[in-house]
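Source file: run-v7.txt; contents: compact mmCIF, C-alpha atoms and all ligand atoms.
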```
# COMPACT_ATOMS: atom_id res chain seq x y z
CA MET A 1 23.56 -8.30 8.06
CA THR A 2 25.91 -11.26 8.29
CA LEU A 3 27.87 -12.44 5.29
CA ALA A 4 26.17 -15.85 5.42
CA LEU A 5 22.71 -14.32 5.16
CA ASP A 6 23.82 -11.96 2.43
CA LEU A 7 25.14 -14.83 0.29
CA ARG A 8 22.05 -16.99 0.74
CA LEU A 9 19.83 -14.09 -0.21
CA ARG A 10 22.00 -13.25 -3.19
CA ASP A 11 21.97 -16.87 -4.37
CA LEU A 12 18.18 -17.02 -4.25
CA VAL A 13 17.79 -13.74 -6.14
CA ASP A 14 20.46 -14.60 -8.71
CA ALA A 15 18.70 -17.92 -9.37
CA GLY A 16 15.75 -15.87 -10.70
CA GLU A 17 12.01 -16.64 -10.90
CA VAL A 18 11.57 -14.49 -7.82
CA VAL A 19 8.12 -13.23 -6.85
CA VAL A 20 8.10 -10.20 -4.55
CA LEU A 21 5.51 -9.63 -1.83
CA SER A 22 5.94 -6.08 -0.55
CA GLY A 23 4.41 -4.14 2.31
CA ALA A 24 4.40 -0.76 3.99
CA GLY A 25 8.00 -1.07 5.20
CA LEU A 26 9.18 -0.66 1.62
CA SER A 27 7.57 2.78 1.39
CA THR A 28 8.54 4.23 4.78
CA GLU A 29 11.80 5.52 3.27
CA SER A 30 9.61 7.49 0.84
CA GLY A 31 7.97 9.23 3.78
CA ILE A 32 4.77 7.18 3.85
CA PRO A 33 4.03 6.11 7.42
CA ASP A 34 3.94 2.41 8.25
CA TYR A 35 0.97 2.21 10.54
CA ARG A 36 1.65 -1.38 11.51
CA GLY A 37 5.41 -1.06 11.83
CA PRO A 38 7.59 0.04 14.72
CA SER A 39 6.05 3.52 14.70
CA GLY A 40 2.52 2.15 14.52
CA ALA A 41 1.70 3.46 17.98
CA LEU A 42 1.78 6.94 16.42
CA ARG A 43 -1.31 6.19 14.40
CA ARG A 44 -3.86 8.87 15.12
CA HIS A 45 -7.05 7.28 13.88
CA ALA A 46 -8.55 3.84 14.02
CA PRO A 47 -8.75 2.63 10.41
CA MET A 48 -11.99 3.32 8.61
CA THR A 49 -13.86 0.06 8.13
CA TYR A 50 -15.85 -0.71 5.02
CA GLN A 51 -18.99 -1.10 7.13
CA ALA A 52 -18.58 2.34 8.76
CA PHE A 53 -17.82 3.93 5.38
CA VAL A 54 -20.88 2.64 3.56
CA GLY A 55 -23.10 2.95 6.64
CA SER A 56 -22.74 6.64 7.38
CA PRO A 57 -22.63 9.79 5.24
CA SER A 58 -20.80 11.62 8.03
CA ALA A 59 -18.13 8.86 8.18
CA ARG A 60 -17.63 9.32 4.42
CA GLN A 61 -17.45 13.08 4.77
CA ARG A 62 -14.77 12.80 7.47
CA TYR A 63 -12.89 10.16 5.53
CA TRP A 64 -12.73 12.37 2.45
CA ALA A 65 -11.65 15.42 4.46
CA ARG A 66 -8.68 13.50 5.93
CA SER A 67 -8.00 11.71 2.68
CA TYR A 68 -7.99 14.97 0.71
CA LEU A 69 -5.08 16.17 2.84
CA GLY A 70 -3.37 12.80 3.37
CA CYS A 71 -3.30 12.05 -0.33
CA ARG A 72 -1.17 15.09 -0.99
CA GLN A 73 1.52 13.43 1.12
CA ILE A 74 1.20 10.24 -0.93
CA THR A 75 1.05 11.88 -4.36
CA ALA A 76 4.13 13.91 -3.38
CA ALA A 77 6.03 10.71 -2.41
CA ARG A 78 8.69 9.42 -4.77
CA PRO A 79 10.06 5.88 -5.15
CA ASN A 80 13.09 5.17 -2.96
CA ALA A 81 16.23 3.09 -3.50
CA GLY A 82 14.32 -0.07 -2.55
CA HIS A 83 11.59 0.45 -5.18
CA ARG A 84 14.20 1.29 -7.79
CA ALA A 85 16.20 -1.87 -6.96
CA VAL A 86 13.08 -4.05 -7.31
CA ALA A 87 12.29 -2.44 -10.67
CA GLU A 88 15.86 -3.07 -11.82
CA LEU A 89 15.72 -6.72 -10.68
CA HIS A 90 12.51 -7.01 -12.68
CA ARG A 91 14.11 -5.42 -15.72
CA ARG A 92 17.04 -7.83 -15.46
CA GLY A 93 14.66 -10.78 -15.33
CA SER A 94 15.41 -11.96 -11.77
CA VAL A 95 11.98 -10.85 -10.54
CA ARG A 96 9.06 -12.27 -12.49
CA GLY A 97 6.23 -10.56 -10.67
CA ILE A 98 5.34 -8.28 -7.78
CA ILE A 99 2.47 -8.53 -5.34
CA THR A 100 2.19 -5.41 -3.22
CA GLN A 101 0.06 -4.69 -0.19
CA ASN A 102 0.80 -0.98 -0.74
CA VAL A 103 -1.69 1.36 -2.37
CA ASP A 104 0.82 4.12 -3.17
CA GLY A 105 1.79 3.10 -6.72
CA LEU A 106 5.50 3.54 -5.99
CA HIS A 107 6.60 0.21 -7.55
CA GLN A 108 5.08 1.36 -10.84
CA ALA A 109 6.48 4.88 -10.41
CA ALA A 110 9.93 3.27 -10.14
CA GLY A 111 9.35 1.55 -13.47
CA ALA A 112 8.29 -1.94 -12.37
CA ARG A 113 5.72 -3.78 -14.47
CA ASP A 114 3.58 -6.81 -13.63
CA VAL A 115 2.54 -5.38 -10.28
CA VAL A 116 -0.55 -6.85 -8.62
CA GLU A 117 -1.95 -4.36 -6.14
CA LEU A 118 -3.43 -6.75 -3.60
CA HIS A 119 -5.30 -4.03 -1.73
CA GLY A 120 -6.00 -1.83 -4.76
CA GLY A 121 -4.52 1.57 -5.51
CA LEU A 122 -5.16 5.11 -4.37
CA ASP A 123 -4.92 6.38 -7.92
CA LEU A 124 -8.54 5.43 -8.61
CA VAL A 125 -11.89 5.93 -6.91
CA VAL A 126 -14.96 3.82 -7.56
CA CYS A 127 -18.66 4.61 -7.22
CA LEU A 128 -20.30 1.84 -5.18
CA ALA A 129 -23.70 2.73 -6.67
CA CYS A 130 -22.97 2.58 -10.40
CA GLY A 131 -19.45 1.08 -10.55
CA MET A 132 -17.89 3.95 -12.51
CA ARG A 133 -14.24 4.66 -11.82
CA GLU A 134 -12.56 8.04 -11.77
CA SER A 135 -8.92 8.97 -11.41
CA ARG A 136 -7.67 10.40 -8.14
CA ALA A 137 -6.39 13.46 -10.00
CA SER A 138 -9.87 14.10 -11.37
CA ILE A 139 -11.72 13.78 -8.06
CA ASP A 140 -8.97 15.75 -6.34
CA ALA A 141 -9.60 18.64 -8.74
CA ARG A 142 -13.34 18.45 -8.05
CA LEU A 143 -12.74 18.37 -4.27
CA ARG A 144 -10.43 21.37 -4.57
CA ALA A 145 -13.08 23.29 -6.48
CA ALA A 146 -15.71 22.41 -3.86
CA ASN A 147 -13.36 23.35 -0.99
CA PRO A 148 -11.33 26.29 -2.25
CA THR A 149 -10.07 27.40 1.15
CA PHE A 150 -10.03 24.11 3.10
CA GLY A 151 -6.44 23.04 2.40
CA ALA A 152 -4.89 26.43 3.02
CA ARG A 153 -6.91 26.93 6.20
CA VAL A 154 -5.97 23.52 7.63
CA GLU A 155 -2.32 23.82 6.61
CA ARG A 156 -2.09 27.13 8.41
CA VAL A 157 -3.09 25.33 11.61
CA ASN A 158 -1.41 21.95 10.89
CA PRO A 159 1.61 22.57 8.66
CA ASP A 160 2.55 18.87 8.39
CA GLY A 161 -0.84 18.07 6.87
CA ASP A 162 -1.10 14.97 9.01
CA ALA A 163 -2.22 16.43 12.31
CA GLU A 164 -5.55 15.80 13.96
CA LEU A 165 -8.33 17.83 12.38
CA THR A 166 -10.90 19.36 14.68
CA ASP A 167 -14.57 18.46 14.28
CA THR A 168 -15.20 22.00 13.06
CA GLU A 169 -12.57 21.63 10.35
CA LEU A 170 -13.93 18.23 9.32
CA ASP A 171 -17.52 19.45 9.25
CA ALA A 172 -16.54 22.33 6.96
CA PHE A 173 -15.36 19.90 4.26
CA ARG A 174 -17.71 19.34 1.32
CA PRO A 175 -17.33 15.89 -0.30
CA VAL A 176 -18.32 15.45 -3.94
CA GLY A 177 -20.55 12.80 -5.49
CA CYS A 178 -20.13 10.44 -8.42
CA ARG A 179 -19.61 12.29 -11.70
CA TYR A 180 -22.01 9.95 -13.47
CA CYS A 181 -24.87 9.09 -11.09
CA GLY A 182 -24.44 11.67 -8.33
CA SER A 183 -24.30 9.08 -5.51
CA ASP A 184 -22.13 10.04 -2.55
CA LEU A 185 -20.98 6.39 -2.22
CA VAL A 186 -17.65 7.21 -3.80
CA LYS A 187 -14.77 5.20 -2.34
CA PRO A 188 -11.06 4.93 -3.09
CA ASP A 189 -10.49 1.74 -5.10
CA VAL A 190 -8.64 0.19 -2.17
CA VAL A 191 -9.62 -2.68 0.10
CA PHE A 192 -10.76 -1.29 3.45
CA PHE A 193 -10.57 -3.11 6.75
CA GLY A 194 -13.60 -5.37 6.94
CA GLU A 195 -13.64 -5.82 3.17
CA SER A 196 -12.36 -8.84 1.21
CA VAL A 197 -9.83 -8.76 -1.60
CA PRO A 198 -11.67 -9.67 -4.84
CA ARG A 199 -11.47 -13.45 -5.39
CA ALA A 200 -9.97 -13.22 -8.89
CA ARG A 201 -7.15 -11.05 -7.60
CA VAL A 202 -6.38 -13.51 -4.78
CA GLU A 203 -6.33 -16.38 -7.29
CA ALA A 204 -3.94 -14.44 -9.54
CA CYS A 205 -1.62 -13.95 -6.58
CA TYR A 206 -1.70 -17.67 -5.68
CA ALA A 207 -0.86 -18.50 -9.30
CA LEU A 208 2.05 -16.07 -9.22
CA VAL A 209 3.33 -17.56 -5.95
CA GLU A 210 3.07 -21.06 -7.45
CA SER A 211 5.20 -19.92 -10.40
CA ALA A 212 7.96 -18.64 -8.09
CA ALA A 213 11.31 -20.27 -7.36
CA THR A 214 11.56 -17.92 -4.37
CA LEU A 215 9.00 -15.78 -2.56
CA PHE A 216 10.76 -12.58 -1.50
CA VAL A 217 8.96 -10.65 1.26
CA LEU A 218 9.97 -6.98 1.49
CA GLY A 219 8.95 -4.69 4.32
CA SER A 220 5.93 -6.50 5.68
CA SER A 221 5.42 -7.74 9.20
CA LEU A 222 2.80 -10.09 7.70
CA THR A 223 0.45 -9.12 10.50
CA VAL A 224 -2.70 -9.81 8.52
CA MET A 225 -3.68 -13.02 6.78
CA SER A 226 -4.07 -11.12 3.52
CA GLY A 227 -0.29 -11.37 2.98
CA LEU A 228 0.65 -14.20 5.35
CA ARG A 229 -1.44 -16.74 3.41
CA PHE A 230 0.91 -16.43 0.42
CA VAL A 231 3.94 -17.08 2.61
CA ARG A 232 2.23 -20.15 4.08
CA HIS A 233 1.29 -21.31 0.58
CA ALA A 234 4.87 -21.00 -0.67
CA ALA A 235 6.30 -22.76 2.40
CA LYS A 236 3.81 -25.61 2.08
CA ARG A 237 4.94 -26.13 -1.51
CA GLY A 238 8.58 -26.18 -0.46
CA THR A 239 9.30 -22.85 -2.17
CA PRO A 240 12.00 -20.92 -0.29
CA VAL A 241 10.79 -17.76 1.44
CA ALA A 242 13.27 -14.91 1.92
CA ILE A 243 12.27 -12.00 4.15
CA VAL A 244 13.87 -8.57 4.45
CA ASN A 245 12.15 -6.52 7.12
CA GLN A 246 13.09 -4.35 10.05
CA GLY A 247 11.72 -6.20 13.05
CA PRO A 248 10.07 -9.60 13.45
CA THR A 249 7.38 -10.88 11.09
CA ARG A 250 4.75 -13.57 11.44
CA GLY A 251 6.44 -15.35 8.54
CA ASP A 252 9.82 -15.70 10.26
CA PRO A 253 9.29 -19.35 11.32
CA LEU A 254 8.66 -20.24 7.66
CA ALA A 255 11.57 -18.27 6.18
CA SER A 256 14.68 -19.83 4.67
CA VAL A 257 16.46 -16.48 4.93
CA LYS A 258 15.59 -13.53 7.17
CA VAL A 259 17.47 -10.25 7.00
CA ASP A 260 16.62 -7.60 9.60
CA ALA A 261 18.02 -4.46 7.98
CA PRO A 262 16.87 -1.37 6.06
CA LEU A 263 15.49 -2.22 2.60
CA GLY A 264 17.14 0.85 1.12
CA GLU A 265 20.51 -0.76 1.92
CA VAL A 266 19.85 -4.46 1.32
CA LEU A 267 18.08 -4.19 -2.04
CA PRO A 268 20.55 -1.94 -3.90
CA ALA A 269 23.36 -4.21 -2.61
CA LEU A 270 21.74 -7.13 -4.48
CA LEU A 271 22.32 -5.30 -7.78
CA THR A 272 26.09 -5.24 -7.52
ZN ZN B 1 -22.03 6.48 -9.69
```
The structure in this file should be written as structure tokens.
Amino acid sequence: MTLALDLRLRDLVDAGEVVVLSGAGLSTESGIPDYRGPSGALRRHAPMTYQAFVGSPSARQRYWARSYLGCRQITAARPNAGHRAVAELHRRGSVRGIITQNVDGLHQAAGARDVVELHGGLDLVVCLACGMRESRASIDARLRAANPTFGARVERVNPDGDAELTDTELDAFRPVGCRYCGSDLVKPDVVFFGESVPRARVEACYALVESAATLFVLGSSLTVMSGLRFVRHAAKRGTPVAIVNQGPTRGDPLASVKVDAPLGEVLPALLT
């Protein structure tokens, strides 16, 4: 990072009224893979689309088998220095709000408030038939009861918990239905590919961006319009956009400041 960039970034943050837009790159230092980042080629599965999920009981069964194991990795993750720095900037009043594309809850775990989870959160599941919500901890306990040996058996074969499951392993998994109506259309309360972010949530994000003196993008390559539209909106209004991300982003041409460096180094440095 050059001194000039550092000072411009610091000036924008010190001026306050900052709205943060964060993405997967902020959580990679917590051990959560960034599927769209530099290591994205390591992704093992095409993302589950909303249409495939609702259209096929076997797609749901496989999703829940992988999710049951993958969620352990996410629930075990802890906020990193970047999350803690954002929470501290919020506490000090420099950051007025946070929009995150992440579903891991790590901003909140670090103590940040006023977090809008653009793509929802993994801490809740929703029944698409009756609309009832259930906590992830609750459904996880029910899945564990329905699959007492699944985790141990898979971990014996795939100790990192993130390896490819065989069809036989997937087929042995027993998903659970809604606690209230029994439907098997139970889905994490996150926005899948092929699904739209609820309109009211998008409007709340636009309002937050319009209230910002600076839009501060952290760890997002802005590959999808879901996040990029807020950067375009800020730039069109003449609001400075500052980006800290490792690697290029689609928002770079619109940025007033771009810092290509690890978030775990840049963000704590802004506190001193
Ligand atoms: Zn239900």
Inset, instruction - In Å, rounded to a single decimal, give me how far atom CA of Gly238 of chain A is from atom CA of Gly25 of chain A. - result: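 Atom-to-atom, atom CA of Gly25 of chain A and atom CA of Gly238 of chain A are spaced 25.7 Å apart.
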Taking only C-alpha atoms and all ligand atoms into account, list the residues no farther than 10 Å from ligand ZN 1 (chain B), as an mmCIF file with C-alpha atoms, in the coordinates of the input.
```cif
data_model
loop_
_atom_site.group_PDB
_atom_site.id
_atom_site.type_symbol
_atom_site.label_atom_id
_atom_site.label_comp_id
_atom_site.auth_asym_id
_atom_site.auth_seq_id
_atom_site.Cartn_x
_atom_site.Cartn_y
_atom_site.Cartn_z
ATOM 1 C CA VAL A 126 -14.960 3.820 -7.560
ATOM 2 C CA CYS A 127 -18.660 4.610 -7.220
ATOM 3 C CA LEU A 128 -20.300 1.840 -5.180
ATOM 4 C CA ALA A 129 -23.700 2.730 -6.670
ATOM 5 C CA CYS A 130 -22.970 2.580 -10.400
ATOM 6 C CA GLY A 131 -19.450 1.080 -10.550
ATOM 7 C CA MET A 132 -17.890 3.950 -12.510
ATOM 8 C CA ARG A 133 -14.240 4.660 -11.820
ATOM 9 C CA GLU A 134 -12.560 8.040 -11.770
ATOM 10 C CA GLY A 177 -20.550 12.800 -5.490
ATOM 11 C CA CYS A 178 -20.130 10.440 -8.420
ATOM 12 C CA ARG A 179 -19.610 12.290 -11.700
ATOM 13 C CA TYR A 180 -22.010 9.950 -13.470
ATOM 14 C CA CYS A 181 -24.870 9.090 -11.090
ATOM 15 C CA GLY A 182 -24.440 11.670 -8.330
ATOM 16 C CA SER A 183 -24.300 9.080 -5.510
ATOM 17 C CA ASP A 184 -22.130 10.040 -2.550
ATOM 18 C CA LEU A 185 -20.980 6.390 -2.220
ATOM 19 C CA VAL A 186 -17.650 7.210 -3.800
#
```
Legend entry - Nearest to Ile74 of chain A, chosen from A:Arg229, A:Arg174, A:Arg136, A:Arg201, with all atoms listed in the file counted in the distances: A:Arg136
Inset, instruction - Select, from A:Leu170, A:Ala109, A:Val191, A:Cys71, the residue with the minimum atom-to-atom distance to Ile139 of chain A, counting only C-alpha atoms. - result: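 Smallest separation from Ile139 of chain A among the options: A:Cys71.
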Inset, instruction - Take the point (16.8, -6.7, -6.0) as written in the file and pick out every residue within 7 Å of it, counting only C-alpha atoms; give the list as a VMD selection string. - result: chain A and resid 85 to 86 88 to 89 267 to 268 270 to 271
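Distances here use all atoms listed in the file; by that measure, the residue among A:Leu143, A:Arg62, A:Ala87, A:Ala204 closest to Thr166 of chain A is A:Arg62.
Taking atom CA of Pro248 of chain A and atom CA of Asp114 of chain A as endpoints, the distance between them is 28.0 Å.
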Inset, instruction - For each of A:Ser138, A:Thr168, A:Asn245, A:Ser226, take the minimum atom-to-atom distance to Ser27 of chain A, counting only C-alpha atoms, then give the residue where this is smallest. - result: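 Nearest candidate to Ser27 of chain A out of A:Ser138, A:Thr168, A:Asn245, A:Ser226: A:Asn245.
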Inset, instruction - Write out as JSON, numbers by chain each polymer residue whose atoms come within 10 Å of Trp64 of chain A, counting all atoms listed in the file; drop sequence neighbours fewer than 3 positions from it. - result: {"A": [58, 59, 60, 61, 67, 68, 69, 70, 71, 143, 170, 173, 174, 175, 176, 186, 187, 188]}
Legend entry - Pro79 of chain A surroundings by only C-alpha atoms, 10 Å radius, close-in-sequence under 5 positions cut, as a PyMOL selection string: chain A and resi 26-27+29-31+84+104-111
Could you take the residues named above and write them with C-alpha atoms, as a PDB file, in the frame of the given file?
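Below is the file that was written, again.pdb:
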```pdb
ATOM      1  CA  LEU A  26       9.180  -0.660   1.620  1.00  0.00           C
ATOM      2  CA  SER A  27       7.570   2.780   1.390  1.00  0.00           C
ATOM      3  CA  GLU A  29      11.800   5.520   3.270  1.00  0.00           C
ATOM      4  CA  SER A  30       9.610   7.490   0.840  1.00  0.00           C
ATOM      5  CA  GLY A  31       7.970   9.230   3.780  1.00  0.00           C
ATOM      6  CA  ARG A  84      14.200   1.290  -7.790  1.00  0.00           C
ATOM      7  CA  ASP A 104       0.820   4.120  -3.170  1.00  0.00           C
ATOM      8  CA  GLY A 105       1.790   3.100  -6.720  1.00  0.00           C
ATOM      9  CA  LEU A 106       5.500   3.540  -5.990  1.00  0.00           C
ATOM     10  CA  HIS A 107       6.600   0.210  -7.550  1.00  0.00           C
ATOM     11  CA  GLN A 108       5.080   1.360 -10.840  1.00  0.00           C
ATOM     12  CA  ALA A 109       6.480   4.880 -10.410  1.00  0.00           C
ATOM     13  CA  ALA A 110       9.930   3.270 -10.140  1.00  0.00           C
ATOM     14  CA  GLY A 111       9.350   1.550 -13.470  1.00  0.00           C
TER      15      GLY A 111
END
```
Inset, instruction - Fewer than 3 positions away in the same chain doesn't count, so skip those; otherwise give me all residues within 6 Å of segment 261-265 of chain A, counting only C-alpha atoms, as a list of chain:residue names. - result: A:Ala81, A:Gly82, A:Gln246, A:Pro268
